[in-house]
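Have a look at the structure below, then the notes.
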Amino acid sequence: MLDNKINLLVIDDDDINIFIIKKIVEKTGFDINMVAKSNGLQAIDYIKETIAANKPLPHLVLIDINMPVMNGWEFVEAYQTLNIQEAVDLYILSSSVYENDIEKTKSYPSVKGFISKPLSIERLKELVVAIKI
């Protein structure tokens with residue numbers, strides 16, 4: 001599995017978080033192609049374009065909750081309507097400390113879990129190793 005390139009989609013409106021995740025990706029030692037979108041609508045459009053172009057979907061999607069235009073929850077709901085059959089690991093990646101956000105994550109079958117910011121190199125490695133390609 002680890003011989004293959006991993007496609008990572010990060011959905012976050014904070015440029016500093018994107019920069020940090022990019023640096024973490026570089027330090028994992030894995031071959032990861034990272035794409036960043038600043039809101040859920042851009043991410044949905046990206047996924048639709050990827051499907052239309054018959055290109056590989058992201059293997060892993062990290063989703064911030066609080067974003068303009070389309071927030072993380074709205075993205076997950078829109079994503080679920082796409083009826084994607086391929087294995088895509090979705091995780092909420094948030095600085096939220098609200099228990100209801102953590103619990104809400106469990107109500108979406110397509111979301112595998114909640115990760116508190118900041119993302120660590122070790123946690124990203126765990127997520128990559130767990131991907132089923």
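Letters A, B, ... mark the chains of the structure tokens in the order given; residue numbers begin at 1 per chain; ligand numbers begin at 1, in order shown.
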
Counting only C-alpha atoms, which residues in range 51-81 of chain A sit no more than 12 Å from range 117-126 of chain A? For each one, give the nearest pair of atoms and the distance in Å, sorted by chain then residue number, as a Markdown table.
| residue | atom | partner | partner_atom | distance |
| --- | --- | --- | --- | --- |
| A:Leu60 | CA | A:Leu124 | CA | 9.9 |
| A:Val61 | CA | A:Leu124 | CA | 11.3 |
| A:Leu62 | CA | A:Leu119 | CA | 9.9 |
| A:Ile63 | CA | A:Lys117 | CA | 11.0 |
| A:Asp64 | CA | A:Lys117 | CA | 9.4 |
| A:Ile65 | CA | A:Lys117 | CA | 11.3 |

Inset, instruction - Pick out the residues sitting within 12 Å of Leu41 in chain A, and hand them over as a PyMOL selection string; count only C-alpha atoms, and ignore anything fewer than 3 positions along from it in its own chain. - result: chain A and resi 11-13+37-38+44-48+63+67-79

Inset, instruction - Please run DSSP on the backbone and report, as a PyMOL selection string, all residues within chain A that come out as helix (DSSP H, G or I). - result: chain A and resi 15-28+40-52+72-80+99-105+121-130

Legend entry - Selected residue of minimal separation from Lys55 in chain A among A:Ala36, A:Ser96, A:Ile24, A:Asn7, counting only C-alpha atoms: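 Ranking A:Ala36, A:Ser96, A:Ile24, A:Asn7 by distance to Lys55 in chain A, first place goes to A:Asn7.
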
Legend entry - Test item: residues at most 12 Å from Asn4 in chain A, only C-alpha atoms, excluding those fewer than 6 positions along its chain, as a PyMOL selection string: chain A and resi 30-33+56+59+128-129+131-133

Selection above as a file: C-alpha atoms, as an mmCIF file, in the first residue's frame:
data_model
loop_
_atom_site.group_PDB
_atom_site.id
_atom_site.type_symbol
_atom_site.label_atom_id
_atom_site.label_comp_id
_atom_site.auth_asym_id
_atom_site.auth_seq_id
_atom_site.Cartn_x
_atom_site.Cartn_y
_atom_site.Cartn_z
ATOM 1 C CA PHE A 30 5.208 9.104 2.451
ATOM 2 C CA ASP A 31 4.476 10.019 -1.164
ATOM 3 C CA ILE A 32 1.469 12.277 -0.596
ATOM 4 C CA ASN A 33 -0.171 14.527 -3.162
ATOM 5 C CA PRO A 56 -8.333 9.199 -8.660
ATOM 6 C CA HIS A 59 -7.859 8.695 -0.245
ATOM 7 C CA VAL A 128 -2.018 7.080 5.869
ATOM 8 C CA VAL A 129 -1.102 3.566 7.007
ATOM 9 C CA ILE A 131 -5.860 3.753 4.127
ATOM 10 C CA LYS A 132 -7.170 0.848 2.077
ATOM 11 C CA ILE A 133 -5.932 1.217 -1.506
#

Inset, instruction - DSSP on the backbone, then: every residue of chain A marked strand (DSSP E or B), written as a list in words. - result: Ile6, Asn7, Leu8, Leu9, Val10, Ile11, Ile32, Asn33, Met34, Val35, Ala36, Lys37, Leu60, Val61, Leu62, Ile63, Asp89, Leu90, Tyr91, Ile92, Leu93, Ser94, Val111, Lys112, Gly113, Phe114, Ile115 and Ser116 of chain A

Legend entry - Contacts of range 100-113 of chain A at 8 Å (only C-alpha atoms; same-chain gap of 4+ positions) as number ranges by chain: A: 76, 80, 89-92, 96
